[in-house]
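A short worksheet on the structure shown next.
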There are 4 protein chains.
Amino acid sequence: MADGPEKPAAAPAESGQSTWGGRFAEPTDAFVARLNASVGFDRRLYREDIAGSKAHAAMLAKQGIIPPDDAAAIRDGLDAVQAEIEAGQFTWSADLEDVHMNVEHRLTARIGPAGGRLHTARSRNDQVATDLRLWVLRRIDDDLVPRIDRLQRALLDVAEAHRDTVLPGYTHLQRAQPVLLAHHLLAYVEMLERDRGRLLDARKRAAESPLGCAALAGTPFPLDRGLTARALGFTRPMANSLDAVGDRDFAVELCAAAALIMTHLSRFAEELVIWSSQEFGFIELGDAFATGSSIMPQKKNPDIPELVRGKTGRVFGDLVALLTVLKGLPLAYNKDLQEDKEALFDAVDTVADCLEATARLLPSTTWRADRMRAACDAGFVTATDVADYLAAKGVPFREAHHVVGRLVGWCIAEQRALPSLSLDEFRRFSDAFDDDIRRAVTVEASVAARTSEGGTAPARVAEALAAARARMADRG
Amino acid sequence: MADGPEKPAAAPAESGQSTWGGRFAEPTDAFVARLNASVGFDRRLYREDIAGSKAHAAMLAKQGIIPPDDAAAIRDGLDAVQAEIEAGQFTWSADLEDVHMNVEHRLTARIGPAGGRLHTARSRNDQVATDLRLWVLRRIDDDLVPRIDRLQRALLDVAEAHRDTVLPGYTHLQRAQPVLLAHHLLAYVEMLERDRGRLLDARKRAAESPLGCAALAGTPFPLDRGLTARALGFTRPMANSLDAVGDRDFAVELCAAAALIMTHLSRFAEELVIWSSQEFGFIELGDAFATGSSIMPQKKNPDIPELVRGKTGRVFGDLVALLTVLKGLPLAYNKDLQEDKEALFDAVDTVADCLEATARLLPSTTWRADRMRAACDAGFVTATDVADYLAAKGVPFREAHHVVGRLVGWCIAEQRALPSLSLDEFRRFSDAFDDDIRRAVTVEASVAARTSEGGTAPARVAEALAAARARMADRG
Amino acid sequence: MADGPEKPAAAPAESGQSTWGGRFAEPTDAFVARLNASVGFDRRLYREDIAGSKAHAAMLAKQGIIPPDDAAAIRDGLDAVQAEIEAGQFTWSADLEDVHMNVEHRLTARIGPAGGRLHTARSRNDQVATDLRLWVLRRIDDDLVPRIDRLQRALLDVAEAHRDTVLPGYTHLQRAQPVLLAHHLLAYVEMLERDRGRLLDARKRAAESPLGCAALAGTPFPLDRGLTARALGFTRPMANSLDAVGDRDFAVELCAAAALIMTHLSRFAEELVIWSSQEFGFIELGDAFATGSSIMPQKKNPDIPELVRGKTGRVFGDLVALLTVLKGLPLAYNKDLQEDKEALFDAVDTVADCLEATARLLPSTTWRADRMRAACDAGFVTATDVADYLAAKGVPFREAHHVVGRLVGWCIAEQRALPSLSLDEFRRFSDAFDDDIRRAVTVEASVAARTSEGGTAPARVAEALAAARARMADRG
Amino acid sequence: MADGPEKPAAAPAESGQSTWGGRFAEPTDAFVARLNASVGFDRRLYREDIAGSKAHAAMLAKQGIIPPDDAAAIRDGLDAVQAEIEAGQFTWSADLEDVHMNVEHRLTARIGPAGGRLHTARSRNDQVATDLRLWVLRRIDDDLVPRIDRLQRALLDVAEAHRDTVLPGYTHLQRAQPVLLAHHLLAYVEMLERDRGRLLDARKRAAESPLGCAALAGTPFPLDRGLTARALGFTRPMANSLDAVGDRDFAVELCAAAALIMTHLSRFAEELVIWSSQEFGFIELGDAFATGSSIMPQKKNPDIPELVRGKTGRVFGDLVALLTVLKGLPLAYNKDLQEDKEALFDAVDTVADCLEATARLLPSTTWRADRMRAACDAGFVTATDVADYLAAKGVPFREAHHVVGRLVGWCIAEQRALPSLSLDEFRRFSDAFDDDIRRAVTVEASVAARTSEGGTAPARVAEALAAARARMADRG
């Protein structure tokens, strides 16, 4: 995209380098024209481009800069162009380079000279920044935040249906202490809540209007930038014209938030893949969310979690791409900025898809409470509780640890699980054991004991579920 | 860092694998011990580690979990350890693996068995997360935000001293329209203002306390997590224990904000480098901020801006490093997370340095208003104004453009500048030119005309300066 | 892409989950099917897919695994399918998921049951790896290496046409010492030569055949993998079946080579942008490779170099994307690997475009030897030569430096250039100056003096040009 | 690092800005001096710096540029300085900025004025490039390649000790077909072999000498650059002086190779972590390579594989850092290039550590052949073989698939494993089954059948092992 004019662009028949005045003697190289053209991807901005133009034209008329009749013609003409596009009847032209020129050209073809007045007091530099910010706001509002909400609700649904399901909590992928499945899933609800906050914070900074900053320095026309800003749903006009046309922070910030969402989804995906293995066997994905093999009938591949995990790469890549583009660019607009869109589009599309896919697969997933419970029984996950027990009986901490160490070592050698031990067997290791140790080493007692705030005790988890539901309810 | 105990760690003489009970028959491989040890870099967290331990001990005493005397001994002992560290009298030991064990070991050596009670109801998993979050809060509050403020003030100082200085505004590094230097510098004040907002938003999410989440599942002890959270300056305890020990979002979010700051600094650095060239000659850096060559006496190299631009790379790299570490990790704590610190430390240190360096070099920079002005005169930067002039006289837009195109083409051929043209010469191209065209094509008139909100007209820029100053004044 | 069968895939009417046997009761979720499908991008591999299938079928027949008639039918059928695709008459179906199934389905529709025998002794896992490697070889051979050669030739053409053009060599963007423009351009020829070497080294590792490794473990059929490898232009079969189906090193290595090419092109692009500025004015891009502004007739924007510089971001991003995908994947095939293609395609397309664009713009660029020479005269670029002169006359080095320092300081104050000084003026600073100093401080003498190997002296540059031309000639 | 002089640098007492001549009136800002100084990290290059200086001095003497006595004094003096450094008796000074100035300053202090002649005909620009390339060659030769060899040998040792061990081959982390453990480990030997090739290819391009290119343009002194190149182990002098001082391709290329090595190690690490889980239980790491928990005696955490996996992040980050630094830099040397070293050092150190750690942990790892075998028995991994069996008996492929699908479905429902089925039970699904099916569905038969080149059949694996051993033997 070249510097935009502040005045009407050339009519179609005169488009091309002839509008650039006497300096250009040769037509653009065909290869170069293709490389330059952005309409192949920026046509996705047509909705925002038309909304921006309508707001601009209405403001121009209100400020007496163009006649009211022209503004009305522009408004109706743009509505008609949008209808054409949405009906699939619009012919996009690479010769017209970008979405802005395509729309304006068609507008002028429909309504005549009045169309030429639309570009008064703006430039493609502020126009494209406006369009892209509007697109960001729309995607955050319509896709990203709602899909985060949806995934949170899907996690809560499973959590509530599995209030009593216990699985081993892992550190280092080693069984550590038993936790409620609901507690585990609520960890992801928390991560997504931070993601949501980051999106809304990014939205706040994206919601400022560059419109009216023109090519780079402002314009002599008596604009009311606050009017167009409000009409388009921005909170205010951007304060500095050079900044407004050269800034792409909002794209980077959204990509960075997207990268963190993908990080969270990749962690969950990794767990779903591991849990789907025959060795873990904690879950079985619904048939609709896995694929098989035409030759290996035993296979049920967790394709969707794998894809989500893999797509993390492209979003990290999109973020790096945008940062690289911006590094070391002098003010104000540089053509490099045309490289902002594809990475941003890809990151937003990918995150939206992956949130959706993850939310969709949860309801049909079978959660094998039996397998999870069996894993708890086999893994000494209550060893910590034995030490706690002895300490509570007055055994000095260090001695308690040694006792449990020897006890567990013996169990491993004998292939015994803690809950299977008789009181006599416990007493071989310490006289402090009493009959209540049999209860203390159960998985249920272990989970029930972890009552500290944020802990996995059922009462705590119930509180957390209720709080999360209440939060979701407020969102309507 | 391994899973931390919820109970006192081993006394020094017994440290090492003996504390892990009967499963380990061999000592740790020496190479592995070195690779595992983090004290070489995490010792930077000693202040936060000690503050966290003091808050934890006070809470344990208040909740009746440890005796008040022990808590007092712990508090005093930790103060003494901190004093030792700050006096350079502390011996860090790689055998003790990390900052936590080093501090606790020394504490126990000083105060005896009471030191062992400090680790009750916590684990290294929640401890390290707490320390790192406290470090993030401190660096944001003490270093990053104040240095952003300082750089903004330094920019405003230059802007105010150059209210009348005009330079060409560039797009595509081509002279486009004249702007005030103050306007140009205010664009960076705006970017930094967004950076500041991002830091404060990141701070908000970092300011939640993991302390008391223990290894992963909470603890049976009757903690008051709100108490330690408040004592340490957190806004609240984190809601989910699995999330609390496995989350490093706050590190990524801070690195992402840092990457954007570096992007802005790299853009300014690029301009300083270009402006320092003999060809532009817009500025001359102070002797203290440039280097020369012992053989080429004409050289005055803009080393500091170049370094700032170059250091952008390491911050982008730090961000990628952190994201990569987190991709695909199952819950909760995994050893991979030990790789969080060096990247985060490096990013924060680098940004703090680069903000500082940029703020420092501004006051001694010479701004060559004469050269900037001369560049305006030579470059047809008021061509847009000629077209505006004709349009205002009633010449249809398209005809006006053509007139200016021919006019500028003639000037290039004749090596003439627009302000040097006589009225007769203007009239060769259009009868609509009147004597006031001579004023309209001046740089001053061009700048003065761009009165739209956010534009470069002196009155607009004065308003923007005043608003920015008022904003800074509110910050004390 | 799921694990491929080693035997014929389902006939179209039976495709879908029914082929996966009794485990799947539900059809694939529609959203998931869309997310899973890769045919939208992997259809670009149709040529390689068909070539691979033809080689496989011929080998199967030669080994007696399928009847010769079937192999002939398959060959002819695949040729017909390829003709359909290339005539735009092929209907791609997302339901058939990927290019492999689309082609095979169509083949079977055309030739009946024989088509089903094609998939004997292979799997989609080895098939897709084969296709992608063939694509890499083709793009290196047909696009990347030839375009590097073309750009090298274009640089040499300019260099030869400007054997006498001198411009300041810069360090820190400060004028340092004069160099020949040809010497400067030859630096890029060298960079590209290394790029070429990296591509050929990457090619070497990509040129091994995974075909016949089947799903992951090999196959019981008596294949001749060497035969298919040779038929397809590979140097040998890959040695380990698990490695063969899970490896994407070749994609990463090509992206890394692409990232370095972009680094080089971005450096040249930066120079073209800076040189195009009015302040430097060293070059003027041809009209066909720049864009103007419909309102600012003075503008001639270096869009193409800016785009090339900006596109560096996407290639860095592609590299990061691929590395991220691969991090931490267990053997052998995982669905994450489906994310390999788009990043690779994008990186190769982008580099090919940017090499082409840079080569194309060189011939029509005007190299302003006068401006370059004027920059040499104004910038004390021969100060080093003055010190060399004095040293040669026996003045101790340190004293010589001081003399030149004072001399240049005086010139700056008096706004004088070194070549303009009279002998008397030189002698004010040292008696050692003699009349030959007037010659020594000329730009020509300075350049001529730098005769060390690889230096900028005309004779050295002529040698370098000749050597580069000879190298190119060997390439035909 | 500033532009280096071609002549002797200032003597210590005169160092600082006074050597830069009359343009600098003020001393360097202290903060800036700290930021500028690189000696904190580039002192690691002392060995290379001294070797480079010795070669340069010897060449200068041979060419008659400096007296032979001076060269001898320089050589002996540098040896003495190196001895001081290696004895820990050298005082590094940040005021002297970098390793080059520190060494030269000390040399001059030791040997007097002759030391000043060392810097004749070179600059810090070619000096630092030379040093860094020598460092790269040394690390590749002494650390990276030997550690790859060591890890390959360690893998081969395990493979040979487990020639008969069978485990499930996985795709999508689902059991697919049985493979030999040796075959699985050989996949990593192959990956490392490609890594080795990439290092040697990178070495080839790094092994060219920049020495003698001086500041940027060459030098008037009659150097013999081939002589210094050979003396230092380079294959030839670099061909273009501007390229030589501004190029950092070799650093990026090495980092890219390092990133791929880390990718491979991260994949193996992921497997080791998963295999260490109680659920898989395929391996138990040696006590020296795992850590425990002082509270959870059952824990044995695979810290080393986790760390290796995590450290992948920092190497990816280093690569991104270097690429970012280089993007858009004009020729020749820019201060940004000072940011090349820390990323490169970190990447090489990290890869060397991770190769070493992985090689070290293999010998003490317990490979649980029983658990691996049990996993084969339970998972229908020979379902493919049943279909192959039927096909060989003449059952049409599609019918064979359906038979196996129904058969496996029945087994799942009845909780039966394929090898446990009686002939009668097989015959319920197809009359084509004969008694030899009982043998065909064994894991041993399945593995033995996969005899295609690169397949997992024992004979094939034995060949591969022998070939790998022979390759290693050739390396001495």
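In the structure tokens, chains take letters A, B, ... by order of appearance, with residues numbered from 1 within each chain and ligands from 1 in the order shown.
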
Subject >> Backbone-only DSSP, helix (DSSP H, G or I) members of range 276-466 of chain C, as an MDAnalysis selection string >> reply: chainID C and resid 276 287:289 303:326 335:361 369:378 383:392 397:414 418:420 423:427 437:440 443:449 458:466

**OP:** Output the contact residues of chain B with respect to chain A at a cut-off of 6 Å, based on only C-alpha atoms, as a PyMOL selection string.
**Re:** chain B and resi 21-22+171-172+187+217-220+239-243+263+266-267+270-271+327-330+332-334+405-406+409+449-452+454-456

Subject >> Contact residues around Glu356 in chain B with only C-alpha atoms at 12 Å, ignoring same-chain residues under 5 positions, as a count of residues only >> reply: 25

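Put simply, CA of Asn36 in chain D is 20.8 Å away from CA of Ala343 in chain B.
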
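Inside range 202-262 of chain C, the residues DSSP reads as strand (DSSP E) when given the backbone are Glu208, Ser209, Arg236 and Pro237 of chain C.
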
Just the selected residues (all heavy atoms), exported as a PDB file, in the first residue's frame, please.
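Once written, selection19.pdb looks like this:
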ATOM      1  N   GLU C 208      17.001 -38.167   0.460  1.00  0.00           N
ATOM      2  CA  GLU C 208      16.933 -39.577   0.838  1.00  0.00           C
ATOM      3  C   GLU C 208      15.469 -39.988   0.897  1.00  0.00           C
ATOM      4  O   GLU C 208      14.617 -39.221   1.324  1.00  0.00           O
ATOM      5  CB  GLU C 208      17.598 -39.798   2.194  1.00  0.00           C
ATOM      6  CG  GLU C 208      19.058 -39.346   2.201  1.00  0.00           C
ATOM      7  CD  GLU C 208      19.804 -39.804   3.436  1.00  0.00           C
ATOM      8  OE1 GLU C 208      19.179 -40.443   4.305  1.00  0.00           O
ATOM      9  OE2 GLU C 208      21.001 -39.510   3.537  1.00  0.00           O
ATOM     10  N   SER C 209      15.219 -41.193   0.500  1.00  0.00           N
ATOM     11  CA  SER C 209      13.835 -41.617   0.288  1.00  0.00           C
ATOM     12  C   SER C 209      13.233 -42.333   1.503  1.00  0.00           C
ATOM     13  O   SER C 209      13.760 -43.345   1.961  1.00  0.00           O
ATOM     14  CB  SER C 209      13.774 -42.563  -0.906  1.00  0.00           C
ATOM     15  OG  SER C 209      12.482 -43.137  -0.986  1.00  0.00           O
ATOM     16  N   ARG C 236      19.444 -42.231  -1.992  1.00  0.00           N
ATOM     17  CA  ARG C 236      19.378 -43.544  -1.345  1.00  0.00           C
ATOM     18  C   ARG C 236      18.148 -43.618  -0.459  1.00  0.00           C
ATOM     19  O   ARG C 236      17.565 -42.592  -0.101  1.00  0.00           O
ATOM     20  CB  ARG C 236      20.644 -43.824  -0.523  1.00  0.00           C
ATOM     21  CG  ARG C 236      20.879 -42.806   0.570  1.00  0.00           C
ATOM     22  CD  ARG C 236      21.950 -43.290   1.579  1.00  0.00           C
ATOM     23  NE  ARG C 236      21.948 -42.377   2.713  1.00  0.00           N
ATOM     24  CZ  ARG C 236      22.391 -42.694   3.921  1.00  0.00           C
ATOM     25  NH1 ARG C 236      22.864 -43.895   4.170  1.00  0.00           N
ATOM     26  NH2 ARG C 236      22.348 -41.813   4.904  1.00  0.00           N
ATOM     27  N   PRO C 237      17.772 -44.823  -0.068  1.00  0.00           N
ATOM     28  CA  PRO C 237      16.670 -44.968   0.882  1.00  0.00           C
ATOM     29  C   PRO C 237      17.119 -44.524   2.274  1.00  0.00           C
ATOM     30  O   PRO C 237      18.291 -44.693   2.636  1.00  0.00           O
ATOM     31  CB  PRO C 237      16.383 -46.476   0.886  1.00  0.00           C
ATOM     32  CG  PRO C 237      17.114 -47.052  -0.273  1.00  0.00           C
ATOM     33  CD  PRO C 237      18.257 -46.135  -0.551  1.00  0.00           C
TER      34      PRO C 237
END

Subject >> Shell around Ser53 in chain D at 12 Å using only C-alpha atoms, local window under 2 positions removed, as a PyMOL selection string >> reply: chain D and resi 46-51+55-60+71-72+74-79+81-82+100-101+103-104+107+115-124+126-128+130-131+211-212+228-229+231-232

Original post:
Expressed in Å to a single decimal, how great is the separation between CA of Asp164 in chain B and CA of Arg439 in chain B?
Top reply: 17.6 Å

Using only C-alpha atoms, determine which residues lie at most 8 Å from Leu423 in chain B, disregarding the query and same-chain residues fewer than 4 positions distant; provide the list as an mmCIF file with C-alpha atoms, in the first residue's frame.
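Listing of selection31.cif after writing:
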data_model
loop_
_atom_site.group_PDB
_atom_site.id
_atom_site.type_symbol
_atom_site.label_atom_id
_atom_site.label_comp_id
_atom_site.auth_asym_id
_atom_site.auth_seq_id
_atom_site.Cartn_x
_atom_site.Cartn_y
_atom_site.Cartn_z
ATOM 1 C CA ARG B 427 0.438 30.965 -13.110
ATOM 2 C CA PHE B 433 -3.022 30.818 -8.388
ATOM 3 C CA ASP B 434 -3.091 34.123 -6.624
ATOM 4 C CA ASP B 435 -0.509 35.951 -4.622
ATOM 5 C CA ILE B 437 0.063 30.902 -2.969
ATOM 6 C CA ARG B 438 3.504 32.246 -2.041
#

**OP:** In Å, rounded to a single decimal, give me how far CA of Glu306 in chain C is from CA of Ala369 in chain B.
**Re:**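 Those two atoms sit 28.3 Å apart.
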
Subject >> Nearest-residue call for Glu339 in chain C, choices A:Glu284, A:Leu307, A:Arg203, A:Ile85, using only C-alpha atoms >> reply: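 Result for the nearest residue to Glu339 in chain C: A:Leu307.
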
Leaving out range 286-291 of chain C and any residue of its chain fewer than 4 positions from it, which residues lie within 6 Å of it when counting only C-alpha atoms, given as a compact mmCIF listing (two decimals) with N, CA, C and O atoms, in the first residue's frame?
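Below is the file that was written, around-v9.txt:
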# COMPACT_ATOMS: atom_id res chain seq x y z
N PHE A 24 6.56 9.43 -13.14
CA PHE A 24 6.62 8.02 -13.53
C PHE A 24 6.38 7.85 -15.02
O PHE A 24 5.32 8.19 -15.52
N GLU A 26 7.16 4.78 -16.63
CA GLU A 26 6.93 3.39 -17.00
C GLU A 26 5.85 2.76 -16.14
O GLU A 26 5.69 3.13 -14.98
N PRO A 27 5.14 1.79 -16.69
CA PRO A 27 4.13 1.09 -15.89
C PRO A 27 4.83 0.17 -14.88
O PRO A 27 6.00 -0.17 -15.05
N THR A 28 4.08 -0.20 -13.88
CA THR A 28 4.62 -1.11 -12.87
C THR A 28 4.91 -2.48 -13.48
O THR A 28 4.12 -3.00 -14.26
N ASP A 29 6.02 -3.03 -13.11
CA ASP A 29 6.41 -4.38 -13.52
C ASP A 29 5.32 -5.36 -13.06
O ASP A 29 4.81 -5.27 -11.94
N LYS C 300 8.46 9.10 -4.46
CA LYS C 300 8.75 7.89 -5.22
C LYS C 300 9.17 6.87 -4.18
O LYS C 300 10.31 6.89 -3.70
N ASN C 301 8.26 6.02 -3.81
CA ASN C 301 8.46 5.15 -2.67
C ASN C 301 9.12 3.84 -3.07
O ASN C 301 8.68 3.19 -4.01
N PRO C 302 10.15 3.44 -2.34
CA PRO C 302 10.86 2.19 -2.66
C PRO C 302 10.10 0.99 -2.12
O PRO C 302 10.61 0.23 -1.29
N ASP C 303 8.89 0.80 -2.61
CA ASP C 303 8.01 -0.25 -2.08
C ASP C 303 8.62 -1.63 -2.11
O ASP C 303 8.47 -2.42 -1.17
N SER C 364 16.97 -1.65 -13.82
CA SER C 364 16.36 -0.35 -14.11
C SER C 364 16.69 0.69 -13.04
O SER C 364 16.18 1.80 -13.08
N THR C 365 17.53 0.32 -12.11
CA THR C 365 17.92 1.29 -11.09
C THR C 365 18.99 2.23 -11.64
O THR C 365 19.90 1.80 -12.33

Original post:
Counting only C-alpha atoms, what is within 8 Å of range 370-382 of chain C, bar same-chain residues fewer than 5 positions away, as a PyMOL selection string?
Top reply: (chain B and resi 278-279+296+298) or (chain C and resi 165-168+175-178+280-282+408+417-419+441-443+446)
